[in-house]
>>> print(open('run.txt').read())   # compact mmCIF, C-alpha atoms and all ligand atoms
# COMPACT_ATOMS: atom_id res chain seq x y z
CA MET A 1 3.39 18.98 9.39
CA THR A 2 5.55 20.53 6.67
CA PRO A 3 7.21 17.74 4.69
CA PHE A 4 11.00 17.77 4.36
CA PRO A 5 11.84 15.50 1.41
CA LEU A 6 15.18 13.77 1.03
CA GLU A 7 16.72 13.18 -2.37
CA GLY A 8 16.63 9.75 -3.93
CA LEU A 9 13.45 8.52 -2.25
CA PRO A 10 10.23 7.44 -4.01
CA GLU A 11 7.25 9.82 -4.28
CA ARG A 12 4.82 7.15 -3.20
CA VAL A 13 5.07 4.00 -1.09
CA THR A 14 2.63 1.10 -1.08
CA ILE A 15 1.99 -0.10 2.43
CA TYR A 16 1.28 -3.83 2.61
CA GLU A 17 -0.73 -4.07 5.82
CA VAL A 18 -0.16 -7.33 7.71
CA GLY A 19 -1.92 -6.58 11.03
CA PRO A 20 -4.88 -8.95 10.56
CA ARG A 21 -2.51 -11.82 9.67
CA ASP A 22 1.00 -11.32 11.11
CA GLY A 23 -0.43 -9.17 13.90
CA LEU A 24 -3.27 -11.37 15.08
CA GLN A 25 -1.56 -14.74 14.50
CA ASN A 26 0.53 -14.28 17.63
CA GLU A 27 -1.82 -12.49 20.00
CA LYS A 28 -2.97 -14.45 23.02
CA ALA A 29 -6.39 -12.81 23.20
CA ILE A 30 -9.13 -14.46 21.18
CA VAL A 31 -10.45 -11.99 18.61
CA SER A 32 -13.92 -12.77 17.26
CA VAL A 33 -14.54 -13.11 13.53
CA ALA A 34 -16.79 -10.05 13.71
CA ASP A 35 -13.98 -7.99 15.25
CA LYS A 36 -11.50 -9.24 12.63
CA ALA A 37 -13.90 -8.25 9.85
CA GLU A 38 -14.39 -4.84 11.44
CA PHE A 39 -10.61 -4.43 11.84
CA ILE A 40 -10.09 -5.14 8.12
CA ALA A 41 -12.96 -2.84 7.06
CA ARG A 42 -11.63 0.00 9.23
CA LEU A 43 -8.08 -0.44 7.87
CA ALA A 44 -9.48 -0.07 4.34
CA ASP A 45 -11.46 2.98 5.46
CA ALA A 46 -8.23 4.50 6.83
CA GLY A 47 -6.77 4.28 3.31
CA LEU A 48 -4.83 1.01 3.25
CA ARG A 49 -5.08 -0.63 -0.17
CA THR A 50 -3.38 -3.98 0.46
CA ILE A 51 -4.50 -5.82 3.58
CA GLU A 52 -3.25 -9.35 4.27
CA ALA A 53 -6.42 -10.81 5.73
CA THR A 54 -5.55 -14.24 7.16
CA SER A 55 -3.78 -17.57 6.53
CA PHE A 56 -4.93 -20.87 5.12
CA VAL A 57 -2.43 -22.86 7.18
CA HIS A 58 -3.11 -25.86 9.38
CA PRO A 59 -5.55 -24.69 12.08
CA LYS A 60 -3.62 -26.58 14.77
CA TRP A 61 -0.42 -24.73 13.86
CA VAL A 62 -2.03 -21.27 14.08
CA PRO A 63 -5.33 -21.52 15.98
CA GLN A 64 -5.76 -17.73 15.98
CA LEU A 65 -6.44 -17.84 12.23
CA ALA A 66 -8.47 -21.08 12.16
CA ASP A 67 -11.55 -19.05 11.19
CA ALA A 68 -10.17 -18.06 7.74
CA GLU A 69 -13.19 -19.40 5.77
CA GLU A 70 -15.68 -17.76 8.08
CA LEU A 71 -13.82 -14.44 7.96
CA LEU A 72 -13.54 -14.33 4.17
CA GLY A 73 -17.14 -15.46 3.81
CA GLY A 74 -18.44 -12.68 6.01
CA MET A 75 -16.18 -9.66 5.53
CA THR A 76 -16.92 -6.80 3.17
CA ARG A 77 -14.42 -6.10 0.40
CA ALA A 78 -13.86 -2.45 -0.41
CA GLU A 79 -13.44 -1.26 -4.01
CA GLY A 80 -9.80 -1.18 -5.10
CA VAL A 81 -8.47 -3.02 -2.04
CA ARG A 82 -6.47 -6.25 -2.31
CA TYR A 83 -6.81 -8.91 0.40
CA PRO A 84 -3.96 -11.45 0.05
CA VAL A 85 -3.76 -14.51 2.30
CA LEU A 86 -0.95 -16.87 3.31
CA VAL A 87 -0.99 -20.30 1.67
CA PRO A 88 1.69 -22.93 2.43
CA ASN A 89 0.52 -25.90 0.34
CA GLU A 90 -2.07 -27.20 -2.12
CA ARG A 91 -4.56 -27.92 0.67
CA GLY A 92 -4.28 -24.25 1.67
CA LEU A 93 -4.67 -23.18 -1.96
CA ASP A 94 -7.85 -25.26 -2.37
CA ARG A 95 -9.29 -23.60 0.72
CA ALA A 96 -8.26 -20.12 -0.48
CA LEU A 97 -9.74 -20.67 -3.96
CA ALA A 98 -13.00 -21.91 -2.44
CA SER A 99 -13.12 -18.65 -0.46
CA GLY A 100 -12.77 -16.50 -3.58
CA VAL A 101 -9.22 -15.29 -2.89
CA THR A 102 -7.39 -13.53 -5.74
CA GLU A 103 -3.97 -12.90 -4.14
CA ILE A 104 -1.86 -15.34 -2.17
CA ALA A 105 1.55 -15.48 -0.51
CA VAL A 106 3.77 -18.51 -0.02
CA PHE A 107 6.36 -18.25 2.72
CA GLY A 108 9.82 -19.76 2.55
CA SER A 109 12.78 -19.60 4.89
CA ALA A 110 16.43 -18.72 4.34
CA THR A 111 17.42 -21.19 7.09
CA GLU A 112 16.86 -24.91 7.55
CA SER A 113 16.02 -24.45 11.24
CA PHE A 114 13.09 -22.16 10.59
CA ALA A 115 11.88 -24.11 7.54
CA ARG A 116 11.64 -27.14 9.81
CA ARG A 117 9.91 -25.32 12.67
CA ASN A 118 7.52 -23.24 10.56
CA LEU A 119 6.70 -25.64 7.72
CA ASN A 120 7.80 -29.07 8.98
CA ARG A 121 10.00 -29.30 5.88
CA THR A 122 13.60 -28.80 4.73
CA ILE A 123 14.20 -25.81 2.43
CA ASP A 124 14.19 -28.15 -0.60
CA GLU A 125 11.00 -29.86 0.54
CA SER A 126 9.28 -26.55 1.17
CA LEU A 127 10.16 -25.29 -2.30
CA ALA A 128 8.80 -28.55 -3.72
CA MET A 129 5.62 -27.94 -1.69
CA PHE A 130 5.29 -24.38 -3.07
CA ALA A 131 5.91 -25.26 -6.75
CA PRO A 132 2.44 -26.67 -7.51
CA VAL A 133 0.83 -23.98 -5.36
CA VAL A 134 2.41 -21.18 -7.40
CA GLY A 135 1.81 -23.03 -10.69
CA ARG A 136 -1.87 -23.67 -10.03
CA ALA A 137 -2.43 -20.22 -8.54
CA ARG A 138 -0.98 -18.54 -11.62
CA GLU A 139 -3.05 -20.73 -13.92
CA ALA A 140 -6.11 -19.59 -11.98
CA GLY A 141 -5.05 -15.95 -12.53
CA LEU A 142 -3.99 -15.26 -8.95
CA TRP A 143 -1.24 -12.81 -7.97
CA VAL A 144 1.48 -14.55 -5.94
CA ARG A 145 3.89 -13.06 -3.42
CA ALA A 146 6.75 -14.99 -1.81
CA TYR A 147 8.13 -14.26 1.61
CA VAL A 148 11.60 -15.26 2.63
CA SER A 149 12.01 -15.33 6.41
CA MET A 150 15.16 -15.05 8.56
CA CYS A 151 16.91 -12.82 6.01
CA PHE A 152 19.30 -11.29 8.55
CA GLY A 153 19.49 -13.56 11.56
CA ASP A 154 17.94 -16.73 12.90
CA PRO A 155 17.43 -17.52 16.61
CA TRP A 156 18.87 -21.03 16.20
CA GLU A 157 21.57 -20.44 13.55
CA GLY A 158 22.73 -16.87 14.28
CA GLU A 159 23.64 -14.49 11.46
CA VAL A 160 22.42 -15.65 8.06
CA PRO A 161 24.87 -15.28 5.14
CA ILE A 162 23.65 -13.03 2.32
CA GLU A 163 24.42 -15.71 -0.32
CA GLN A 164 22.12 -18.14 1.51
CA VAL A 165 19.21 -15.65 1.40
CA VAL A 166 19.88 -14.84 -2.26
CA SER A 167 19.88 -18.53 -3.19
CA VAL A 168 16.47 -19.19 -1.60
CA ALA A 169 15.09 -15.89 -2.96
CA VAL A 170 16.10 -16.73 -6.53
CA ARG A 171 14.57 -20.21 -6.26
CA LEU A 172 11.30 -18.74 -4.92
CA MET A 173 11.11 -16.20 -7.74
CA GLU A 174 11.88 -18.91 -10.31
CA LEU A 175 8.68 -20.64 -9.24
CA GLY A 176 6.82 -17.70 -10.81
CA CYS A 177 6.13 -15.35 -7.90
CA SER A 178 5.55 -11.68 -8.70
CA GLN A 179 6.87 -10.12 -5.52
CA LEU A 180 9.44 -11.06 -2.88
CA SER A 181 9.10 -9.80 0.67
CA LEU A 182 12.32 -9.84 2.70
CA GLY A 183 11.46 -10.88 6.24
CA ASP A 184 13.53 -9.79 9.21
CA THR A 185 11.53 -12.20 11.33
CA ILE A 186 13.38 -11.50 14.59
CA GLY A 187 14.22 -7.85 13.90
CA VAL A 188 18.02 -8.08 14.11
CA GLY A 189 18.90 -6.39 10.78
CA THR A 190 20.61 -3.01 10.54
CA PRO A 191 20.59 -0.50 7.63
CA GLY A 192 23.95 -1.44 6.08
CA HIS A 193 23.01 -5.11 6.13
CA VAL A 194 19.64 -4.30 4.50
CA THR A 195 21.42 -2.34 1.75
CA ALA A 196 23.93 -5.13 1.16
CA LEU A 197 21.17 -7.75 0.86
CA ILE A 198 19.07 -5.67 -1.54
CA GLU A 199 22.12 -4.92 -3.70
CA ALA A 200 22.96 -8.64 -3.79
CA LEU A 201 19.40 -9.52 -4.84
CA ILE A 202 19.46 -6.91 -7.61
CA GLU A 203 22.83 -8.29 -8.71
CA ALA A 204 21.23 -11.76 -8.82
CA GLY A 205 18.60 -10.45 -11.26
CA ILE A 206 15.64 -9.74 -8.98
CA GLY A 207 14.49 -6.25 -9.96
CA VAL A 208 13.99 -3.81 -7.11
CA ASP A 209 10.43 -3.21 -8.38
CA ARG A 210 9.67 -6.79 -7.32
CA LEU A 211 11.03 -6.40 -3.77
CA ALA A 212 9.21 -5.57 -0.57
CA VAL A 213 10.57 -5.32 2.96
CA HIS A 214 9.07 -6.87 6.09
CA PHE A 215 10.68 -5.66 9.28
CA HIS A 216 9.90 -6.71 12.81
CA ASP A 217 10.86 -4.06 15.34
CA THR A 218 12.44 -6.25 18.05
CA TYR A 219 15.65 -4.21 18.25
CA GLY A 220 14.10 -0.86 17.27
CA GLN A 221 15.71 -0.91 13.81
CA ALA A 222 12.63 -1.21 11.61
CA LEU A 223 12.30 2.44 10.57
CA ALA A 224 16.03 2.91 9.96
CA ASN A 225 16.00 -0.30 7.92
CA THR A 226 12.99 0.92 5.94
CA LEU A 227 14.75 4.16 5.06
CA ALA A 228 17.76 2.16 3.87
CA ALA A 229 15.48 0.02 1.68
CA LEU A 230 13.75 3.11 0.21
CA ARG A 231 17.15 4.53 -0.68
CA CYS A 232 17.81 1.32 -2.64
CA GLY A 233 14.58 1.87 -4.62
CA VAL A 234 12.13 -0.37 -2.73
CA THR A 235 8.57 1.04 -2.77
CA VAL A 236 6.55 -1.68 -1.01
CA VAL A 237 6.80 -1.80 2.77
CA ASP A 238 5.03 -4.27 5.08
CA ALA A 239 3.71 -2.97 8.39
CA SER A 240 1.21 -3.92 11.07
CA ALA A 241 -1.37 -1.46 12.41
CA GLY A 242 -0.51 -0.60 16.00
CA GLY A 243 2.67 -2.72 15.78
CA ILE A 244 0.86 -5.85 16.95
CA GLY A 245 2.02 -9.41 16.41
CA GLY A 246 5.04 -11.63 15.89
CA CYS A 247 5.56 -15.17 14.68
CA PRO A 248 4.44 -18.15 16.77
CA TYR A 249 7.27 -20.31 15.38
CA ALA A 250 10.15 -17.85 15.81
CA GLU A 251 11.54 -17.25 19.28
CA SER A 252 11.84 -13.56 20.10
CA ALA A 253 9.85 -12.29 17.12
CA THR A 254 7.91 -9.25 18.32
CA GLY A 255 5.50 -7.07 16.42
CA ASN A 256 6.12 -5.75 12.94
CA LEU A 257 7.03 -2.18 12.22
CA ALA A 258 3.89 -0.28 13.25
CA THR A 259 2.00 1.14 10.28
CA GLU A 260 1.50 4.44 12.15
CA ASP A 261 5.27 4.81 12.80
CA LEU A 262 5.92 4.15 9.11
CA VAL A 263 3.26 6.61 7.95
CA TRP A 264 4.60 9.34 10.28
CA MET A 265 8.06 9.01 8.75
CA LEU A 266 6.85 8.76 5.15
CA HIS A 267 4.53 11.76 5.41
CA GLY A 268 7.32 13.72 7.11
CA LEU A 269 9.43 12.96 4.05
CA GLY A 270 6.61 14.09 1.74
CA ILE A 271 6.04 10.52 0.50
CA GLU A 272 2.42 9.69 -0.33
CA THR A 273 0.76 6.66 1.25
CA GLY A 274 -2.96 7.40 0.93
CA VAL A 275 -3.35 6.69 4.65
CA ASP A 276 -5.30 8.91 7.04
CA LEU A 277 -3.06 8.72 10.14
CA PRO A 278 -5.50 9.85 12.89
CA LYS A 279 -8.12 7.44 11.53
CA LEU A 280 -5.60 4.60 11.50
CA ALA A 281 -4.40 5.33 15.05
CA ALA A 282 -8.04 5.22 16.20
CA VAL A 283 -8.39 1.74 14.63
CA SER A 284 -5.27 0.57 16.48
CA ARG A 285 -6.51 1.95 19.81
CA TRP A 286 -9.79 0.12 19.24
CA MET A 287 -7.94 -3.14 18.49
CA ALA A 288 -5.60 -2.64 21.49
CA ALA A 289 -8.67 -2.49 23.73
CA ARG A 290 -9.83 -5.80 22.27
CA LEU A 291 -6.40 -7.35 22.78
CA GLY A 292 -6.27 -6.04 26.34
CA ARG A 293 -2.89 -4.33 26.01
CA PRO A 294 -1.74 -0.90 24.85
CA SER A 295 -0.47 -0.54 21.30
CA PRO A 296 3.33 -0.83 21.16
CA SER A 297 3.42 1.84 18.41
CA ARG A 298 5.21 5.01 19.53
CA VAL A 299 3.11 7.11 17.17
CA VAL A 300 -0.18 5.63 18.42
CA GLN A 301 0.97 6.37 22.00
CA ALA A 302 2.06 9.91 21.16
CA LEU A 303 -1.17 10.73 19.30
CA SER A 304 -3.25 9.20 22.13
CA SER A 305 -1.59 11.38 24.77
CA LYS A 306 -2.80 14.45 22.83
CA ASP A 307 -6.47 13.35 22.80
P1 LIG B 1 2.35 -30.90 8.27
O1 LIG B 1 1.96 -31.38 9.62
O2 LIG B 1 3.66 -31.33 7.74
O3 LIG B 1 1.18 -31.20 7.24
O4 LIG B 1 2.30 -29.31 8.31
P2 LIG B 1 0.97 -32.43 6.28
O5 LIG B 1 1.16 -31.98 4.89
O6 LIG B 1 1.75 -33.62 6.76
O7 LIG B 1 -0.59 -32.74 6.51
C1 LIG B 1 -1.05 -33.22 7.78
C2 LIG B 1 -2.55 -32.98 7.90
O8 LIG B 1 -2.81 -31.57 7.92
C3 LIG B 1 -3.38 -33.52 6.74
O9 LIG B 1 -4.61 -33.96 7.29
C4 LIG B 1 -3.62 -32.33 5.87
O10 LIG B 1 -4.82 -32.41 5.11
C5 LIG B 1 -3.75 -31.22 6.90
P3 LIG B 1 -4.95 -35.53 7.44
O11 LIG B 1 -4.86 -36.06 6.03
O12 LIG B 1 -3.87 -36.06 8.33
O13 LIG B 1 -6.31 -35.50 8.04
N1 LIG B 1 -3.34 -29.95 6.31
C6 LIG B 1 -4.09 -28.83 6.30
N2 LIG B 1 -5.31 -28.54 6.80
C7 LIG B 1 -5.78 -27.31 6.58
N3 LIG B 1 -5.10 -26.35 5.91
C8 LIG B 1 -3.88 -26.60 5.40
C9 LIG B 1 -3.34 -27.88 5.61
N4 LIG B 1 -2.16 -28.44 5.24
C10 LIG B 1 -2.19 -29.69 5.67
N5 LIG B 1 -3.22 -25.65 4.71
C11 LIG B 1 2.04 -27.19 7.22
C12 LIG B 1 2.72 -28.54 7.19
C13 LIG B 1 2.71 -26.33 6.17
C14 LIG B 1 0.57 -27.39 6.89
C15 LIG B 1 2.20 -26.59 8.63
O14 LIG B 1 3.56 -26.60 8.95
C16 LIG B 1 1.66 -25.20 8.76
O15 LIG B 1 0.46 -24.97 8.69
N6 LIG B 1 2.57 -24.18 8.96
C17 LIG B 1 2.17 -22.79 9.04
C18 LIG B 1 2.98 -22.06 10.08
C19 LIG B 1 2.60 -20.59 10.06
O16 LIG B 1 1.53 -20.20 9.65
N7 LIG B 1 3.53 -19.72 10.55
C20 LIG B 1 3.32 -18.33 10.60
C21 LIG B 1 3.36 -17.64 9.26
S1 LIG B 1 5.01 -17.35 8.66
C22 LIG B 1 5.46 -15.81 9.34
O17 LIG B 1 4.79 -15.33 10.20
C23 LIG B 1 6.67 -15.13 8.78
C24 LIG B 1 6.30 -13.93 7.88
O18 LIG B 1 5.52 -12.97 8.60
C25 LIG B 1 7.57 -13.25 7.34
C26 LIG B 1 8.61 -12.93 8.41
O19 LIG B 1 8.31 -12.23 9.40
O20 LIG B 1 9.75 -13.41 8.25
C27 LIG B 1 5.47 -14.38 6.66
MG MG B 2 6.37 -11.49 9.94
>>> encode(input="run.txt", output="structure tokens", more="lines below")
Ligand code: HMG
Ligand code: MG
Amino acid sequence: MTPFPLEGLPERVTIYEVGPRDGLQNEKAIVSVADKAEFIARLADAGLRTIEATSFVHPKWVPQLADAEELLGGMTRAEGVRYPVLVPNERGLDRALASGVTEIAVFGSATESFARRNLNRTIDESLAMFAPVVGRAREAGLWVRAYVSMCFGDPWEGEVPIEQVVSVAVRLMELGCSQLSLGDTIGVGTPGHVTALIEALIEAGIGVDRLAVHFHDTYGQALANTLAALRCGVTVVDASAGGIGGCPYAESATGNLATEDLVWMLHGLGIETGVDLPKLAAVSRWMAARLGRPSPSRVVQALSSKD
């Protein structure tokens, strides 16, 4: 395909692949540890360089990822690939450190309702829970990302004011996190809203080089929202291979933006990703067969119909 660049966009985008974590955490089918390890290895082989592997959360809260130790103990790590994991508290950090993890992500919420449902804490209590995690992780030389969920809307509270998101975001970054991923957990954001939030965060002193975007595609806005974020200068975009997943503690959260849909758009714009699209789509078809349902990604479907 001949690329048609647009002015003002980056030359290269880093895709932060969340399929093995955000994707698999909400799938009903049981995926074996061996299949998870193969999924991760094949994603790396398709060119992804950051692959969120799993979560060290309470196994009762997310049973799909209860095998985190076994997975990290058995999977192969490719040269030059980063494998961050989700860590909510010090117990999770201890488990992650024992598994040889070098990148972690804490995950906060812009709303009290979701903080309570996802972390069993108020916003203040969750920040207090993260503080020693980030402190100890940094002392141990780990890279730390922070997510902030419900950046645009919340199923229990409705639209979320920009100032509320900025306030939580600033507090998370003050803990010492290196990157902030803006989660549209239920996929209700639209491009103007995305632009307004990113501008407000920049205004509050969080450099755009430290921002990432994390769109779920519930209302079909994820690609449009990504383009809006790229126009603001964001160069890290979260996506899930095949568009699998959702969040078990957020009503109506469907899969993330599919990595294939993102790569199709970026390559069409002449933006480098390092990803081999046909190889990636083959990985997603393989995983869809394991999950027992077709991939929701439009690009995976379109490429499959040509085979
Ligand atoms: P809690 O029940 O309040 O935990 O859960 P606690 O601190 O009271 O501890 C209770 C027991 O759990 C203790 O055991 C702890 O040791 C144990 P006991 O002493 O009673 O025998 N425990 C643990 N065990 C293993 N690993 C741990 C752990 N922590 C405590 N890490 C907690 C609080 C945070 C643990 C719980 O709420 C939890 O695990 N939540 C995770 C929910 C989750 O994973 N959600 C999905 C990820 S977020 C997401 O998907 C959004 C995102 O994609 C961005 C977006 O889309 O917006 C990131
Ligand atoms: Mg998510």
>>> axis_aligned_box(input="run.txt", around="ligand LIG 1 (chain B)", padding_each_side="6 Å", output="lines of an AutoDock Vina configuration file")
center_x = 1.7
center_y = -24.1
center_z = 7.7
size_x = 28.1
size_y = 35.8
size_z = 17.9
>>> residues_around(input="run.txt", residues="Arg82 (chain A)", least_positions_apart="3", cutoff="9 Å", atoms="all atoms listed in the file", output="list in words")
Arg49, Thr50, Ile51, Glu52, Arg77, Ala78, Glu79, Thr102 and Glu103 of chain A
>>> residues_near_ligand(input="run.txt", ligand="ligand LIG 1 (chain B)", cutoff="6 Å", atoms="only C-alpha atoms and all ligand atoms", output="list in words")
Asp22, Phe56, Val57, His58, Trp61, Val62, Pro88, Asn89, Arg91, Gly92, Phe107, Asn118, Leu119, Asn120, Tyr147, Ser149, Met150, Gly183, Asp184, Thr185 and Cys247 of chain A
>>> residues_near_ligand(input="run.txt", ligand="ligand MG 2 (chain B)", cutoff="12 Å", atoms="all atoms listed in the file", output="PyMOL selection string")
chain A and resi 16-26+52+86+107-109+118+147-151+181-187+213-218+238-240+243-250+252-258
>>> write_last_selection(input="run.txt", atoms="C-alpha atoms", output="PDB file, in the coordinates of the input")
ATOM      1  CA  TYR A  16       1.280  -3.830   2.610  1.00  0.00           C
ATOM      2  CA  GLU A  17      -0.730  -4.070   5.820  1.00  0.00           C
ATOM      3  CA  VAL A  18      -0.160  -7.330   7.710  1.00  0.00           C
ATOM      4  CA  GLY A  19      -1.920  -6.580  11.030  1.00  0.00           C
ATOM      5  CA  PRO A  20      -4.880  -8.950  10.560  1.00  0.00           C
ATOM      6  CA  ARG A  21      -2.510 -11.820   9.670  1.00  0.00           C
ATOM      7  CA  ASP A  22       1.000 -11.320  11.110  1.00  0.00           C
ATOM      8  CA  GLY A  23      -0.430  -9.170  13.900  1.00  0.00           C
ATOM      9  CA  LEU A  24      -3.270 -11.370  15.080  1.00  0.00           C
ATOM     10  CA  GLN A  25      -1.560 -14.740  14.500  1.00  0.00           C
ATOM     11  CA  ASN A  26       0.530 -14.280  17.630  1.00  0.00           C
ATOM     12  CA  GLU A  52      -3.250  -9.350   4.270  1.00  0.00           C
ATOM     13  CA  LEU A  86      -0.950 -16.870   3.310  1.00  0.00           C
ATOM     14  CA  PHE A 107       6.360 -18.250   2.720  1.00  0.00           C
ATOM     15  CA  GLY A 108       9.820 -19.760   2.550  1.00  0.00           C
ATOM     16  CA  SER A 109      12.780 -19.600   4.890  1.00  0.00           C
ATOM     17  CA  ASN A 118       7.520 -23.240  10.560  1.00  0.00           C
ATOM     18  CA  TYR A 147       8.130 -14.260   1.610  1.00  0.00           C
ATOM     19  CA  VAL A 148      11.600 -15.260   2.630  1.00  0.00           C
ATOM     20  CA  SER A 149      12.010 -15.330   6.410  1.00  0.00           C
ATOM     21  CA  MET A 150      15.160 -15.050   8.560  1.00  0.00           C
ATOM     22  CA  CYS A 151      16.910 -12.820   6.010  1.00  0.00           C
ATOM     23  CA  SER A 181       9.100  -9.800   0.670  1.00  0.00           C
ATOM     24  CA  LEU A 182      12.320  -9.840   2.700  1.00  0.00           C
ATOM     25  CA  GLY A 183      11.460 -10.880   6.240  1.00  0.00           C
ATOM     26  CA  ASP A 184      13.530  -9.790   9.210  1.00  0.00           C
ATOM     27  CA  THR A 185      11.530 -12.200  11.330  1.00  0.00           C
ATOM     28  CA  ILE A 186      13.380 -11.500  14.590  1.00  0.00           C
ATOM     29  CA  GLY A 187      14.220  -7.850  13.900  1.00  0.00           C
ATOM     30  CA  VAL A 213      10.570  -5.320   2.960  1.00  0.00           C
ATOM     31  CA  HIS A 214       9.070  -6.870   6.090  1.00  0.00           C
ATOM     32  CA  PHE A 215      10.680  -5.660   9.280  1.00  0.00           C
ATOM     33  CA  HIS A 216       9.900  -6.710  12.810  1.00  0.00           C
ATOM     34  CA  ASP A 217      10.860  -4.060  15.340  1.00  0.00           C
ATOM     35  CA  THR A 218      12.440  -6.250  18.050  1.00  0.00           C
ATOM     36  CA  ASP A 238       5.030  -4.270   5.080  1.00  0.00           C
ATOM     37  CA  ALA A 239       3.710  -2.970   8.390  1.00  0.00           C
ATOM     38  CA  SER A 240       1.210  -3.920  11.070  1.00  0.00           C
ATOM     39  CA  GLY A 243       2.670  -2.720  15.780  1.00  0.00           C
ATOM     40  CA  ILE A 244       0.860  -5.850  16.950  1.00  0.00           C
ATOM     41  CA  GLY A 245       2.020  -9.410  16.410  1.00  0.00           C
ATOM     42  CA  GLY A 246       5.040 -11.630  15.890  1.00  0.00           C
ATOM     43  CA  CYS A 247       5.560 -15.170  14.680  1.00  0.00           C
ATOM     44  CA  PRO A 248       4.440 -18.150  16.770  1.00  0.00           C
ATOM     45  CA  TYR A 249       7.270 -20.310  15.380  1.00  0.00           C
ATOM     46  CA  ALA A 250      10.150 -17.850  15.810  1.00  0.00           C
ATOM     47  CA  SER A 252      11.840 -13.560  20.100  1.00  0.00           C
ATOM     48  CA  ALA A 253       9.850 -12.290  17.120  1.00  0.00           C
ATOM     49  CA  THR A 254       7.910  -9.250  18.320  1.00  0.00           C
ATOM     50  CA  GLY A 255       5.500  -7.070  16.420  1.00  0.00           C
ATOM     51  CA  ASN A 256       6.120  -5.750  12.940  1.00  0.00           C
ATOM     52  CA  LEU A 257       7.030  -2.180  12.220  1.00  0.00           C
ATOM     53  CA  ALA A 258       3.890  -0.280  13.250  1.00  0.00           C
TER      54      ALA A 258
END
>>> residues_around(input="run.txt", residues="Asp35 (chain A)", least_positions_apart="6", cutoff="10 Å", atoms="all atoms listed in the file", output="list in words")
Ala41, Leu71, Trp286, Met287 and Arg290 of chain A
>>> closest_residue(input="run.txt", among="A:Leu230, A:Val168, A:Met173, A:Ile15", to="Val134 (chain A)", atoms="all atoms listed in the file")
A:Met173
>>> closest_residue(input="run.txt", among="A:Glu7, A:Asp261, A:Glu174, A:Glu159", to="His193 (chain A)", atoms="all atoms listed in the file")
A:Glu159
>>> atom_distance(input="run.txt", atom1="CA of Met1 (chain A)", atom2="CA of Ile271 (chain A)")
12.6 Å
>>> atom_distance(input="run.txt", atom1="CA of Pro278 (chain A)", atom2="CA of Thr14 (chain A)")
18.4 Å
>>> atom_distance(input="run.txt", atom1="CA of Pro63 (chain A)", atom2="CA of Arg285 (chain A)")
23.8 Å
>>> residues_around(input="run.txt", residues="Ala169 (chain A)", least_positions_apart="5", cutoff="8 Å", atoms="all atoms listed in the file", output="list in words")
Ala110, Val148, Leu180 and Leu201 of chain A
>>> residues_around(input="run.txt", residues="Leu211 (chain A)", least_positions_apart="4", cutoff="10 Å", atoms="only C-alpha atoms", output="list in words")
Arg145, Ala146, Tyr147, Ser178, Gln179, Leu180, Ser181, Leu182, Ile198, Leu201, Ile202, Ile206, Gly207, Ala229, Gly233, Val234, Thr235, Val236 and Val237 of chain A
